[in-house]
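data.cif follows (mmCIF, C-alpha atoms):
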```
data_structure
#
loop_
_atom_site.label_atom_id
_atom_site.label_comp_id
_atom_site.auth_asym_id
_atom_site.auth_seq_id
_atom_site.Cartn_x
_atom_site.Cartn_y
_atom_site.Cartn_z
CA MET T 261 -20.39 -23.84 -17.45
CA ALA T 262 -17.99 -21.45 -15.74
CA GLN T 263 -14.50 -22.72 -15.25
CA VAL T 264 -12.03 -21.16 -12.76
CA LEU T 265 -8.46 -21.41 -14.05
CA GLU T 266 -5.32 -20.73 -12.04
CA PHE T 267 -2.52 -18.71 -13.65
CA LYS T 268 0.91 -19.36 -12.15
CA LEU T 269 4.07 -17.23 -12.33
CA PRO T 270 5.68 -18.45 -15.57
CA ASP T 271 9.31 -19.24 -16.22
CA LEU T 272 10.77 -15.84 -17.15
CA GLY T 273 13.84 -17.36 -18.77
CA GLU T 274 17.64 -17.29 -18.18
CA GLY T 275 17.45 -19.55 -15.15
CA LEU T 276 15.52 -17.07 -12.99
CA THR T 277 13.70 -18.75 -10.11
CA GLU T 278 11.75 -15.88 -8.52
CA ALA T 279 10.34 -12.43 -9.18
CA GLU T 280 9.03 -9.54 -7.07
CA ILE T 281 5.55 -8.13 -7.60
CA VAL T 282 6.03 -4.45 -8.41
CA ARG T 283 2.51 -3.44 -9.45
CA TRP T 284 -0.80 -5.16 -10.08
CA LEU T 285 -2.40 -4.06 -13.35
CA VAL T 286 -5.83 -5.61 -12.70
CA GLU T 287 -8.26 -5.76 -9.79
CA VAL T 288 -10.36 -8.64 -8.50
CA GLY T 289 -13.66 -8.64 -10.45
CA GLU T 290 -12.13 -6.99 -13.49
CA VAL T 291 -12.55 -8.50 -16.96
CA VAL T 292 -9.33 -9.50 -18.68
CA THR T 293 -8.66 -10.65 -22.21
CA VAL T 294 -6.28 -13.25 -23.51
CA ASP T 295 -2.67 -12.05 -23.30
CA GLN T 296 -3.58 -8.89 -21.40
CA PRO T 297 -0.78 -7.80 -18.99
CA VAL T 298 -2.03 -8.38 -15.46
CA VAL T 299 1.02 -7.75 -13.24
CA GLU T 300 4.41 -6.04 -13.42
CA VAL T 301 7.25 -7.98 -11.81
CA GLU T 302 10.95 -7.35 -11.34
CA THR T 303 13.64 -9.96 -11.65
CA ALA T 304 17.39 -9.69 -11.36
CA LYS T 305 17.44 -9.10 -15.11
CA ALA T 306 14.54 -6.80 -15.98
CA MET T 307 11.17 -5.27 -15.21
CA VAL T 308 8.52 -7.39 -16.97
CA GLU T 309 4.76 -7.09 -17.58
CA VAL T 310 3.33 -10.61 -17.37
CA PRO T 311 0.34 -11.37 -19.68
CA CYS T 312 -2.46 -13.72 -18.70
CA PRO T 313 -3.18 -16.60 -21.11
CA TYR T 314 -6.88 -16.70 -20.15
CA GLY T 315 -9.84 -14.46 -20.89
CA GLY T 316 -12.44 -14.01 -18.15
CA VAL T 317 -13.09 -12.38 -14.77
CA VAL T 318 -10.33 -12.11 -12.15
CA THR T 319 -11.55 -13.92 -9.05
CA ALA T 320 -8.44 -13.78 -6.87
CA ARG T 321 -4.90 -12.34 -6.69
CA PHE T 322 -2.03 -13.91 -4.78
CA GLY T 323 0.66 -11.70 -3.25
CA GLU T 324 0.84 -8.03 -2.35
CA GLU T 325 3.05 -5.53 -4.14
CA GLY T 326 6.60 -5.99 -2.91
CA THR T 327 6.12 -9.73 -2.35
CA GLU T 328 8.64 -12.12 -3.91
CA LEU T 329 7.17 -15.24 -5.50
CA PRO T 330 8.94 -18.33 -6.83
CA VAL T 331 8.36 -19.51 -10.37
CA GLY T 332 5.28 -21.75 -10.44
CA ALA T 333 3.51 -20.01 -7.54
CA PRO T 334 -0.12 -18.92 -8.21
CA LEU T 335 -0.50 -15.34 -9.47
CA LEU T 336 -4.27 -15.11 -9.94
CA THR T 337 -7.39 -17.10 -10.86
CA VAL T 338 -9.74 -16.33 -13.75
CA ALA T 339 -13.32 -17.46 -14.21
CA VAL T 340 -13.77 -18.32 -17.89
CA GLY T 341 -17.38 -18.26 -19.18
CA SER T 342 -19.60 -16.81 -21.91
CA VAL T 343 -18.35 -13.85 -23.93
CA GLU T 344 -20.38 -10.83 -25.06
CA PRO T 345 -18.83 -8.37 -27.50
CA VAL T 346 -18.52 -4.83 -26.20
CA ARG T 347 -19.93 -3.53 -29.51
CA GLU T 348 -21.74 -5.16 -32.35
CA GLN T 349 -19.36 -7.07 -34.54
CA LYS T 350 -19.24 -5.91 -38.14
CA ALA T 351 -18.76 -8.16 -41.07
CA SER T 352 -15.36 -6.61 -41.74
CA ASP T 353 -14.16 -7.31 -38.20
CA GLU T 354 -11.80 -10.14 -37.49
CA PRO T 355 -13.22 -13.05 -35.51
CA VAL T 356 -12.79 -13.01 -31.76
CA VAL T 357 -9.99 -15.27 -30.62
CA GLY T 358 -11.00 -17.26 -27.59
CA GLY T 359 -8.30 -19.92 -27.61
CA THR T 360 -8.98 -23.46 -26.59
CA GLY T 361 -11.90 -24.65 -24.60
CA SER T 362 -10.12 -23.50 -21.39
CA GLY T 363 -9.82 -19.92 -22.63
CA SER T 364 -6.03 -20.15 -22.97
CA SER T 365 -3.98 -18.79 -25.85
CA GLY T 366 -2.08 -22.07 -25.78
CA ASN T 367 1.37 -20.46 -26.08
CA VAL T 368 4.37 -20.82 -23.75
CA LEU T 369 5.05 -17.71 -21.63
CA VAL T 370 8.61 -16.50 -21.22
CA GLY T 371 7.94 -13.10 -19.71
CA TYR T 372 6.66 -11.03 -22.63
CA GLY T 373 3.37 -12.78 -23.44
CA THR T 374 2.53 -15.06 -26.32
CA GLY T 375 3.13 -12.53 -29.02
CA ALA T 376 -0.44 -12.81 -30.42
CA PRO T 377 -2.24 -9.77 -31.84
CA ALA T 378 -4.30 -8.05 -29.15
CA ALA T 379 -7.70 -9.66 -28.94
CA ARG T 380 -10.73 -7.41 -29.06
CA ARG T 381 -11.99 -6.57 -25.62
CA ARG T 382 -15.07 -8.48 -24.55
CA ARG T 383 -17.14 -8.89 -21.42
CA VAL T 384 -17.16 -12.26 -19.75
CA ARG T 385 -20.33 -13.34 -17.97
CA PRO T 386 -19.41 -16.37 -15.87
CA ALA T 387 -22.27 -18.85 -15.67
CA PRO T 388 -23.07 -20.46 -12.31
CA VAL T 389 -21.38 -23.78 -11.83
CA SER T 390 -24.80 -25.40 -11.25
CA ALA T 391 -26.25 -24.07 -14.52
CA ALA T 392 -27.93 -26.55 -16.84
CA ALA T 393 -25.86 -28.31 -19.41
CA SER T 394 -28.04 -26.77 -22.10
CA SER T 395 -26.39 -23.32 -21.55
CA PRO T 396 -25.34 -21.79 -24.85
CA ALA T 397 -21.77 -22.60 -25.77
CA VAL T 398 -19.19 -19.96 -26.67
CA THR T 399 -18.52 -19.76 -30.35
CA THR T 400 -14.84 -19.06 -30.98
CA ALA T 401 -12.39 -19.42 -33.77
CA PRO T 402 -9.55 -21.87 -33.16
CA ALA T 403 -6.23 -20.32 -32.19
CA PRO T 404 -3.53 -20.62 -34.82
CA ASP T 405 -0.62 -22.92 -34.12
CA VAL T 406 2.00 -20.16 -34.75
CA MET T 407 1.40 -16.48 -34.02
CA GLU T 408 3.46 -13.60 -35.44
CA PRO T 409 5.58 -11.75 -32.84
CA ARG T 410 4.50 -8.31 -31.79
CA GLY T 411 7.94 -6.91 -32.51
CA PRO T 412 11.05 -6.28 -30.35
CA VAL T 413 10.42 -5.05 -26.81
CA ALA T 414 13.24 -3.04 -25.17
CA VAL T 415 13.12 -3.95 -21.45
CA ILE T 416 15.55 -1.91 -19.31
CA SER T 417 17.43 -3.84 -16.64
CA PRO T 418 16.36 -3.01 -13.06
CA LEU T 419 20.04 -2.45 -12.24
CA VAL T 420 20.15 0.22 -14.91
CA ARG T 421 16.92 1.76 -13.60
CA ARG T 422 18.27 1.77 -10.05
CA LEU T 423 21.54 3.39 -11.13
CA ALA T 424 19.62 6.11 -12.93
CA ARG T 425 17.40 6.73 -9.88
CA GLN T 426 20.39 7.02 -7.57
CA HIS T 427 21.84 9.79 -9.73
CA GLY T 428 18.55 11.54 -10.47
CA LEU T 429 18.76 10.71 -14.17
CA ASP T 430 15.69 10.78 -16.42
CA LEU T 431 15.89 7.73 -18.68
CA ARG T 432 13.63 9.45 -21.21
CA GLU T 433 16.56 11.76 -21.95
CA VAL T 434 19.08 8.94 -22.45
CA ALA T 435 19.76 7.56 -25.91
CA GLY T 436 20.20 3.81 -25.85
CA THR T 437 22.97 2.18 -27.84
CA GLY T 438 21.75 -1.38 -27.42
CA ARG T 439 19.73 -3.43 -29.82
CA ASP T 440 16.49 -1.71 -30.83
CA GLY T 441 17.52 1.34 -28.81
CA LEU T 442 17.85 -0.55 -25.51
CA ILE T 443 19.40 1.62 -22.78
CA LEU T 444 22.48 -0.13 -21.42
CA ARG T 445 24.40 0.48 -18.22
CA THR T 446 27.21 2.11 -20.20
CA ASP T 447 24.69 4.59 -21.60
CA VAL T 448 23.58 5.57 -18.11
CA GLU T 449 27.16 5.82 -16.81
CA SER T 450 28.08 8.09 -19.74
CA ALA T 451 25.07 10.29 -19.01
CA ILE T 452 26.03 10.45 -15.33
CA ARG T 453 29.59 11.51 -16.18
CA ALA T 454 28.27 14.18 -18.49
CA ALA T 455 25.88 15.48 -15.82
CA ASP T 456 28.62 15.47 -13.17
CA GLY T 457 30.92 17.37 -15.51
CA GLU T 458 28.24 19.99 -16.12
CA ARG T 459 27.59 20.38 -12.39
CA THR T 460 31.32 20.77 -11.72
CA ALA T 461 31.62 23.37 -14.44
CA VAL T 462 28.67 25.29 -13.01
CA ALA T 463 30.20 25.16 -9.51
CA ASP T 464 33.56 26.36 -10.86
CA ARG T 465 31.92 29.24 -12.66
CA ALA T 466 30.00 30.16 -9.51
CA ALA T 467 33.19 30.04 -7.42
CA ARG T 468 35.02 32.28 -9.88
CA THR T 469 32.20 34.81 -9.92
CA GLU T 470 31.43 34.73 -6.18
CA PRO T 471 33.01 37.90 -4.73
CA ASP T 472 33.08 36.65 -1.12
CA ALA T 473 34.61 33.21 -1.83
CA PRO T 474 37.66 32.86 0.47
CA VAL T 475 40.75 31.94 -1.53
CA GLU T 476 44.17 32.01 0.08
CA ARG T 477 47.57 30.65 -0.89
CA ILE T 478 50.37 30.55 1.68
CA ALA T 479 53.89 30.18 0.35
CA LEU T 480 56.06 27.57 2.06
CA ARG T 481 59.00 29.89 2.56
CA GLY T 482 61.27 30.87 5.42
CA VAL T 483 60.84 29.00 8.70
CA ARG T 484 57.58 27.36 7.58
CA GLY T 485 59.22 26.11 4.38
CA ALA T 486 62.27 24.78 6.20
CA VAL T 487 60.11 22.92 8.72
CA ALA T 488 57.94 21.46 5.94
CA GLU T 489 60.97 20.18 4.06
CA LYS T 490 62.57 18.65 7.15
CA LEU T 491 59.39 16.89 8.23
CA SER T 492 58.75 15.58 4.73
CA ARG T 493 62.31 14.30 4.47
CA SER T 494 61.97 12.60 7.85
CA ARG T 495 58.87 10.73 6.72
CA ARG T 496 60.48 9.74 3.42
CA GLU T 497 63.79 8.49 4.77
CA ILE T 498 63.29 7.32 8.36
CA PRO T 499 61.43 4.08 9.19
CA ASP T 500 60.11 5.33 12.53
CA ALA T 501 58.20 3.57 15.27
CA THR T 502 56.57 4.84 18.45
CA CYS T 503 56.13 3.45 21.96
CA TRP T 504 54.56 5.16 24.95
CA VAL T 505 53.87 4.79 28.66
CA ASP T 506 51.87 6.56 31.38
CA ALA T 507 53.91 7.67 34.38
CA ASP T 508 53.04 8.98 37.84
CA ALA T 509 54.71 12.42 37.96
CA THR T 510 53.52 13.29 41.46
CA GLU T 511 56.99 12.92 43.03
CA LEU T 512 58.63 14.87 40.19
CA MET T 513 56.22 17.78 40.69
CA ALA T 514 56.86 17.65 44.43
CA ALA T 515 60.63 17.74 43.88
CA ARG T 516 60.25 20.73 41.55
CA ALA T 517 58.13 22.56 44.12
CA ALA T 518 60.75 21.87 46.79
CA MET T 519 63.56 23.15 44.56
CA ASN T 520 61.73 26.37 43.80
CA ALA T 521 60.67 26.90 47.42
CA GLY T 522 64.19 26.32 48.74
CA GLY T 523 65.89 28.81 46.44
CA PHE T 524 67.56 26.13 44.37
CA ALA T 525 68.65 28.80 41.89
CA ALA T 526 68.57 32.41 42.94
CA GLY T 527 66.02 34.29 40.87
CA THR T 528 65.36 31.32 38.58
CA LYS T 529 62.49 28.86 38.75
CA VAL T 530 63.11 25.24 37.82
CA SER T 531 60.84 24.26 34.92
CA VAL T 532 59.36 20.86 34.23
CA LEU T 533 61.04 20.98 30.81
CA ALA T 534 64.46 21.48 32.43
CA LEU T 535 63.92 18.47 34.69
CA LEU T 536 62.82 16.32 31.74
CA ALA T 537 65.82 17.50 29.72
CA ARG T 538 68.18 16.40 32.48
CA ILE T 539 66.39 13.05 32.67
CA CYS T 540 66.88 12.65 28.89
CA THR T 541 70.63 13.23 29.08
CA ALA T 542 70.87 10.61 31.83
CA ALA T 543 68.84 8.14 29.77
CA LEU T 544 70.96 8.73 26.65
CA ALA T 545 74.09 7.93 28.68
CA ARG T 546 72.55 4.53 29.37
CA PHE T 547 71.16 4.02 25.84
CA PRO T 548 73.61 5.76 23.47
CA GLU T 549 72.06 4.03 20.43
CA LEU T 550 69.41 6.75 20.42
CA ASN T 551 71.99 9.54 20.33
CA SER T 552 73.09 8.73 16.80
CA THR T 553 72.37 9.27 13.13
CA VAL T 554 72.39 7.16 9.97
CA ASP T 555 74.75 7.70 7.03
CA PRO T 556 72.75 6.20 4.15
CA GLU T 557 75.55 6.60 1.61
CA ALA T 558 78.04 4.64 3.70
CA ARG T 559 75.26 2.43 5.11
CA GLU T 560 76.53 3.11 8.65
CA ILE T 561 75.09 4.11 12.02
CA VAL T 562 77.09 6.99 13.45
CA ARG T 563 77.18 7.09 17.28
CA LEU T 564 77.67 10.64 18.63
CA SER T 565 79.80 11.43 21.66
CA GLY T 566 77.99 14.55 22.89
CA VAL T 567 74.31 15.30 23.46
CA HIS T 568 73.07 18.47 21.79
CA LEU T 569 69.52 18.58 23.02
CA GLY T 570 66.87 20.24 20.85
CA PHE T 571 63.51 21.30 22.25
CA ALA T 572 60.41 22.27 20.29
CA ALA T 573 59.30 25.89 20.70
CA GLN T 574 56.15 27.37 19.18
CA THR T 575 56.52 30.97 18.03
CA GLU T 576 54.52 33.43 15.94
CA ARG T 577 56.73 32.52 12.99
CA GLY T 578 56.04 28.82 13.45
CA LEU T 579 57.66 25.81 15.10
CA VAL T 580 61.39 26.04 15.74
CA VAL T 581 63.80 23.68 17.51
CA PRO T 582 66.61 25.53 19.34
CA VAL T 583 69.52 23.38 20.50
CA VAL T 584 71.10 23.28 23.96
CA ARG T 585 74.75 22.55 23.22
CA ASP T 586 76.58 19.94 25.30
CA ALA T 587 73.52 19.21 27.37
CA HIS T 588 75.21 16.10 28.78
CA THR T 589 77.67 18.34 30.68
CA ARG T 590 75.00 20.58 32.22
CA ASN T 591 72.97 20.27 35.42
CA VAL T 592 69.30 21.15 35.78
CA GLU T 593 70.05 24.81 36.56
CA SER T 594 72.29 25.26 33.52
CA ILE T 595 69.93 23.47 31.17
CA GLY T 596 66.98 25.53 32.47
CA ALA T 597 68.83 28.82 32.00
CA GLU T 598 69.82 27.93 28.45
CA ILE T 599 66.28 26.85 27.57
CA THR T 600 64.98 30.20 28.84
CA ARG T 601 67.57 32.19 26.87
CA LEU T 602 66.92 30.32 23.61
CA THR T 603 63.15 30.51 24.04
CA GLU T 604 63.29 34.32 24.38
CA ALA T 605 65.51 34.57 21.31
CA ALA T 606 63.10 32.36 19.37
CA ARG T 607 60.12 34.57 20.27
CA ASP T 608 62.06 37.68 19.25
CA GLY T 609 63.10 36.04 15.97
CA LYS T 610 66.80 36.37 16.85
CA LEU T 611 67.92 32.76 16.74
CA THR T 612 71.00 32.17 14.60
CA PRO T 613 71.34 29.23 12.19
CA ALA T 614 73.92 27.70 14.55
CA GLN T 615 71.37 27.72 17.38
CA LEU T 616 68.85 25.86 15.20
CA THR T 617 71.13 23.13 13.82
CA GLY T 618 73.34 20.32 15.03
CA GLY T 619 70.89 18.67 17.43
CA THR T 620 71.31 14.98 18.27
CA PHE T 621 68.08 14.35 20.21
CA THR T 622 64.85 16.37 20.58
CA LEU T 623 62.47 16.87 23.50
CA ASN T 624 58.91 17.90 22.55
CA ASN T 625 56.61 19.17 25.32
CA TYR T 626 53.22 19.24 23.57
CA GLY T 627 51.46 19.13 26.93
CA VAL T 628 51.51 22.94 26.92
CA PHE T 629 48.80 22.70 24.21
CA GLY T 630 46.51 20.76 26.54
CA VAL T 631 46.89 17.37 24.85
CA ASP T 632 47.80 14.03 26.38
CA GLY T 633 49.56 12.13 23.62
CA SER T 634 51.15 12.35 20.20
CA THR T 635 53.34 10.46 17.75
CA PRO T 636 56.16 12.94 17.07
CA ILE T 637 57.95 13.13 13.73
CA ILE T 638 61.69 12.70 14.18
CA ASN T 639 63.75 15.84 13.61
CA HIS T 640 65.88 14.66 10.66
CA PRO T 641 68.70 13.49 10.74
CA GLU T 642 68.35 12.59 14.42
CA ALA T 643 67.35 9.10 15.56
CA ALA T 644 64.73 9.77 18.22
CA MET T 645 62.37 12.25 19.89
CA LEU T 646 60.70 12.15 23.31
CA GLY T 647 57.16 13.55 23.48
CA VAL T 648 55.60 14.72 26.76
CA GLY T 649 51.87 15.25 27.28
CA ARG T 650 50.12 17.36 29.90
CA ILE T 651 50.44 16.46 33.57
CA VAL T 652 46.93 16.13 35.04
CA PRO T 653 45.27 14.51 38.08
CA ARG T 654 44.07 11.00 37.29
CA PRO T 655 42.99 7.88 39.21
CA TRP T 656 46.08 5.77 39.90
CA VAL T 657 46.93 2.73 41.98
CA HIS T 658 49.57 3.93 44.44
CA GLU T 659 51.04 1.56 47.04
CA GLY T 660 48.18 -0.86 46.50
CA GLU T 661 45.38 1.68 46.86
CA LEU T 662 43.43 3.83 44.43
CA ALA T 663 44.49 7.47 44.63
CA VAL T 664 44.47 10.65 42.61
CA ARG T 665 47.96 11.25 41.21
CA GLN T 666 49.61 13.60 38.74
CA VAL T 667 49.92 11.47 35.58
CA VAL T 668 51.74 12.16 32.32
CA GLN T 669 51.98 10.23 29.05
CA LEU T 670 55.45 9.84 27.55
CA SER T 671 55.98 8.76 23.94
CA LEU T 672 59.20 7.90 22.13
CA THR T 673 59.49 7.91 18.35
CA PHE T 674 62.70 6.27 17.16
CA ASP T 675 64.50 5.30 13.98
CA HIS T 676 64.13 1.54 13.80
CA ARG T 677 67.38 1.30 11.87
CA VAL T 678 69.50 2.35 14.87
CA CYS T 679 67.90 0.05 17.44
CA ASP T 680 65.14 -2.43 18.10
CA GLY T 681 62.12 -2.17 20.38
CA GLY T 682 64.03 -3.52 23.38
CA THR T 683 66.43 -0.60 23.42
CA ALA T 684 63.67 1.96 22.79
CA GLY T 685 61.53 0.40 25.51
CA GLY T 686 64.44 0.39 27.95
CA PHE T 687 65.12 4.08 27.33
CA LEU T 688 61.46 5.02 27.81
CA ARG T 689 61.11 2.90 30.94
CA TYR T 690 64.17 4.56 32.50
CA VAL T 691 62.73 8.01 31.76
CA ALA T 692 59.41 6.97 33.33
CA ASP T 693 61.22 5.62 36.42
CA CYS T 694 63.01 8.93 36.86
CA VAL T 695 59.73 10.81 36.51
CA GLU T 696 58.09 8.59 39.13
CA GLN T 697 61.13 8.49 41.45
CA PRO T 698 63.43 11.49 40.87
CA ALA T 699 65.87 10.05 43.37
CA VAL T 700 66.91 7.61 40.64
CA LEU T 701 68.76 10.54 39.07
CA LEU T 702 71.07 10.81 42.07
CA ARG T 703 72.97 7.80 40.76
CA THR T 704 74.07 9.74 37.69
CA LEU T 705 74.65 13.20 39.24
#
```

Take the structure in the file and write it out as C-alpha cells.
Amino acid sequence: MAQVLEFKLPDLGEGLTEAEIVRWLVEVGEVVTVDQPVVEVETAKAMVEVPCPYGGVVTARFGEEGTELPVGAPLLTVAVGSVEPVREQKASDEPVVGGTGSGSSGNVLVGYGTGAPAARRRRVRPAPVSAAASSPAVTTAPAPDVMEPRGPVAVISPLVRRLARQHGLDLREVAGTGRDGLILRTDVESAIRAADGERTAVADRAARTEPDAPVERIALRGVRGAVAEKLSRSRREIPDATCWVDADATELMAARAAMNAGGFAAGTKVSVLALLARICTAALARFPELNSTVDPEAREIVRLSGVHLGFAAQTERGLVVPVVRDAHTRNVESIGAEITRLTEAARDGKLTPAQLTGGTFTLNNYGVFGVDGSTPIINHPEAAMLGVGRIVPRPWVHEGELAVRQVVQLSLTFDHRVCDGGTAGGFLRYVADCVEQPAVLLRTL
C-alpha cells in the first residue's frame, strides 16, 4: 500500500519561528531517500539544507523560492511505497535502511538532518492505494535507536554572507577563525579592511605616477592669510546669531534716481551702497549696542562713541574691508566719495594698514554677486555686520494690491553677548523702514 506522508518545516532551533525558501533541491516526481536534503532555507541565523525524514517519491511542494514559511507549515509530501535497489545488492553491502513502517528515520530534526549515514539510493515504486492487501511488503532493517553524527558542519551566518556580498568578497578566500574553521563576521570585516587598504594603496600609487593629476597647494599668506585668521577667530570667539527681513526698495531706488538726475553732487553719482551706509549710521545712533566690542579679559562690553564704517570690497588679491572713518559725521555725498576713493585704492593694492583696521561696524553688499541672501561672518572684534542682497523685481503687496516692486533681502549677524534679539530686530526693522521710506531719514539729518 502506498502511503503519502507530509513533511513539515521543522524547528530549526534557537527560538526561530520562520524561514525563507532559498532553493528547492528536488522536483515533484523525483525519488528521494531518507535524510536527503530537499530544500535550502535561510533563517536569521544561518543558511540551512533541510533533510527529509522519508524515502519515496515527491508528490507536492509547498511554497515558491523566496517565500517565508512558519515552523510547522507543510514543505512537501512524499509517497512511500515499495523499494527497488538501483543495483544488485552484494553480500558485502550494508542492509538498506528504510526506517519505520512510515518510511521515516525516526530522528528529531533541528536543521541539519538526523545525522545518519547516507542511505543507499533506491527507486521507490508507489503502489496504487486500491492495490490488494497481498502486495509484497518491503523488507527493511530496523533503524537503530542512536545514530552516529556525521561530523561538525560549518554553516555561515546569512548576515556574514550578506556582508561579504556587499563588499564583493569571495568567502572561499577567507580563513575562518571560528570552531571547525567557521567564518565569523570578524573574519569578513578583517578581510574587508585588508582589501580596502590594498585598493587605497593602489589608488595612491596611481595618483603619484599619474603625470596629469592636478595637485596644487596655496599658502595662506598675505591678505588671504589675514582674512582666514580673522574669520576663524570670529567663529571661535563670537557667539553670533542672524536675523533677516525682505524690504521694498522701490522708493529708495526712486530717491537715488532723483538725486542723480538733479545733480545732487556735481560729477558724482550717488551709489546704493552710500545710501545704505548713511542708513546704517542713523540706525546705530538709535541702537548703539551694536556699535561696540567685547573685552573678554575684563569681561566687559565696550560701547564706542564714533562709527568707523567698514565695507566689504572684492579685489584680485582677495576680500578686503576698508574703513570709512567717522562715518557718523558724514552725509551721503561724503560717505559715497570716501567709499569710491577707498575702493580704487583697494583695487590698486595701495590701501594702508590704517585704512584696513579700526572698524566698528561693517556693511557687506553681496548683492553685486547676484545672490539674494547670506549669513555674514562678523568682522572680529566688531559686534555686528549688515548684509545686503541684490535688488530685483518681485511680486509684492503694495497699498493692498499685488504689484511688482524692487525687493531686497537684508540680514544682520550680531554678537549675542552685546545684545538680545529685540535690539537686533529693532535695528534691522529701522534699516528696512528707511529703505522702504527714505523720508524717515529726514528726522536724523

Closest contacts (segment 487-550 of chain T/segment 672-693 of chain T, max 8 Å, all atoms listed in the file) as JSON lines:
```
{"residue": "T:Ile498", "atom": "CA", "partner": "T:Asp675", "partner_atom": "CA", "distance": 6.1}
{"residue": "T:Pro499", "atom": "CA", "partner": "T:Asp675", "partner_atom": "CA", "distance": 5.8}
{"residue": "T:Asp500", "atom": "CA", "partner": "T:Asp675", "partner_atom": "CA", "distance": 4.6}
{"residue": "T:Ala501", "atom": "CA", "partner": "T:Thr673", "partner_atom": "CA", "distance": 5.5}
{"residue": "T:Thr502", "atom": "CA", "partner": "T:Thr673", "partner_atom": "CA", "distance": 4.2}
{"residue": "T:Cys503", "atom": "CA", "partner": "T:Leu672", "partner_atom": "CA", "distance": 5.4}
{"residue": "T:Trp504", "atom": "CA", "partner": "T:Leu672", "partner_atom": "CA", "distance": 6.1}
{"residue": "T:Val505", "atom": "CA", "partner": "T:Ala692", "partner_atom": "CA", "distance": 7.6}
{"residue": "T:Asp506", "atom": "CA", "partner": "T:Ala692", "partner_atom": "CA", "distance": 7.8}
{"residue": "T:Ala507", "atom": "CA", "partner": "T:Ala692", "partner_atom": "CA", "distance": 5.6}
{"residue": "T:Ile539", "atom": "CA", "partner": "T:Val691", "partner_atom": "CA", "distance": 6.3}
{"residue": "T:Cys540", "atom": "CA", "partner": "T:Val691", "partner_atom": "CA", "distance": 6.9}
{"residue": "T:Ala543", "atom": "CA", "partner": "T:Phe687", "partner_atom": "CA", "distance": 6.0}
{"residue": "T:Leu544", "atom": "CA", "partner": "T:Phe687", "partner_atom": "CA", "distance": 7.5}
{"residue": "T:Arg546", "atom": "CA", "partner": "T:Phe687", "partner_atom": "CA", "distance": 7.7}
{"residue": "T:Phe547", "atom": "CA", "partner": "T:Phe687", "partner_atom": "CA", "distance": 6.2}
{"residue": "T:Glu549", "atom": "CA", "partner": "T:Val678", "partner_atom": "CA", "distance": 6.3}
{"residue": "T:Leu550", "atom": "CA", "partner": "T:Val678", "partner_atom": "CA", "distance": 7.1}
```

At what distance in Å, to one decimal, does atom CA of Ala545 of chain T lie from atom CA of Arg493 of chain T?
->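 Calculated distance between atom CA of Arg493 of chain T and atom CA of Ala545 of chain T is 27.7 Å.
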
Evaluate the PyMOL selection byres ((chain T and resi 664) around 12) and report residues as a PyMOL selection string | chain T and resi 508-510+652-658+661-663+665-667

In Å, rounded to a single decimal, give me how far atom CA of Arg321 of chain T is from atom CA of Ala333 of chain T.
->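 Taking atom CA of Ala333 of chain T and atom CA of Arg321 of chain T, their separation equals 11.4 Å.
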
Using atom CA of Val292 of chain T and atom CA of Val331 of chain T as the two end points, give the distance in Å to one decimal.
->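 Answer for the atom CA of Val292 of chain T to atom CA of Val331 of chain T separation: 22.0 Å.
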
Among listed residues T:Gly649, T:Leu670, T:Ala597, T:Ala279, nearest Phe629 of chain T (using all atoms listed in the file) |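 Among the listed residues, T:Gly649 lies closest to Phe629 of chain T.
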
Find the residues around Val317 of chain T up to 6 Å (only C-alpha atoms counted), leave out those fewer than 3 positions away in its own chain, and share them as a PyMOL selection string.
-> chain T and resi 289-291+338-339

Matched chain/residue IDs from the PyMOL selection byres ((chain T and resi 452) around 12), as a PyMOL selection string | chain T and resi 420+423-431+433-434+445-451+453-459

Selected residues, C-alpha atoms, written as a PDB file, keeping the file's coordinate frame, please.
```pdb
ATOM      1  CA  VAL T 420      20.150   0.220 -14.910  1.00  0.00           C
ATOM      2  CA  LEU T 423      21.540   3.390 -11.130  1.00  0.00           C
ATOM      3  CA  ALA T 424      19.620   6.110 -12.930  1.00  0.00           C
ATOM      4  CA  ARG T 425      17.400   6.730  -9.880  1.00  0.00           C
ATOM      5  CA  GLN T 426      20.390   7.020  -7.570  1.00  0.00           C
ATOM      6  CA  HIS T 427      21.840   9.790  -9.730  1.00  0.00           C
ATOM      7  CA  GLY T 428      18.550  11.540 -10.470  1.00  0.00           C
ATOM      8  CA  LEU T 429      18.760  10.710 -14.170  1.00  0.00           C
ATOM      9  CA  ASP T 430      15.690  10.780 -16.420  1.00  0.00           C
ATOM     10  CA  LEU T 431      15.890   7.730 -18.680  1.00  0.00           C
ATOM     11  CA  GLU T 433      16.560  11.760 -21.950  1.00  0.00           C
ATOM     12  CA  VAL T 434      19.080   8.940 -22.450  1.00  0.00           C
ATOM     13  CA  ARG T 445      24.400   0.480 -18.220  1.00  0.00           C
ATOM     14  CA  THR T 446      27.210   2.110 -20.200  1.00  0.00           C
ATOM     15  CA  ASP T 447      24.690   4.590 -21.600  1.00  0.00           C
ATOM     16  CA  VAL T 448      23.580   5.570 -18.110  1.00  0.00           C
ATOM     17  CA  GLU T 449      27.160   5.820 -16.810  1.00  0.00           C
ATOM     18  CA  SER T 450      28.080   8.090 -19.740  1.00  0.00           C
ATOM     19  CA  ALA T 451      25.070  10.290 -19.010  1.00  0.00           C
ATOM     20  CA  ARG T 453      29.590  11.510 -16.180  1.00  0.00           C
ATOM     21  CA  ALA T 454      28.270  14.180 -18.490  1.00  0.00           C
ATOM     22  CA  ALA T 455      25.880  15.480 -15.820  1.00  0.00           C
ATOM     23  CA  ASP T 456      28.620  15.470 -13.170  1.00  0.00           C
ATOM     24  CA  GLY T 457      30.920  17.370 -15.510  1.00  0.00           C
ATOM     25  CA  GLU T 458      28.240  19.990 -16.120  1.00  0.00           C
ATOM     26  CA  ARG T 459      27.590  20.380 -12.390  1.00  0.00           C
TER      27      ARG T 459
END
```

Find the residue from T:Pro297, T:Pro270, T:Pro613, T:Gly619 that sits nearest to Met645 of chain T; use all atoms listed in the file when measuring.
-> T:Gly619

From the set T:Asp295, T:Glu266, T:Glu280, T:Asp608, which residue has the shortest atom-to-atom contact distance to Pro334 of chain T, counting only C-alpha atoms?
->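 For Pro334 of chain T, the nearest of the given residues is T:Glu266.
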
The PyMOL selection byres ((chain T and resi 565-574) around 10) on the file shown: which residues, as JSON, numbers by chain?
-> {"T": [533, 537, 538, 540, 541, 544, 545, 548, 551, 552, 562, 563, 564, 575, 576, 577, 578, 579, 580, 581, 582, 583, 584, 585, 586, 587, 588, 589, 595, 599, 602, 603, 606, 607, 615, 616, 617, 618, 619, 620, 621, 622, 623, 624, 625, 626, 639, 645, 646, 647]}
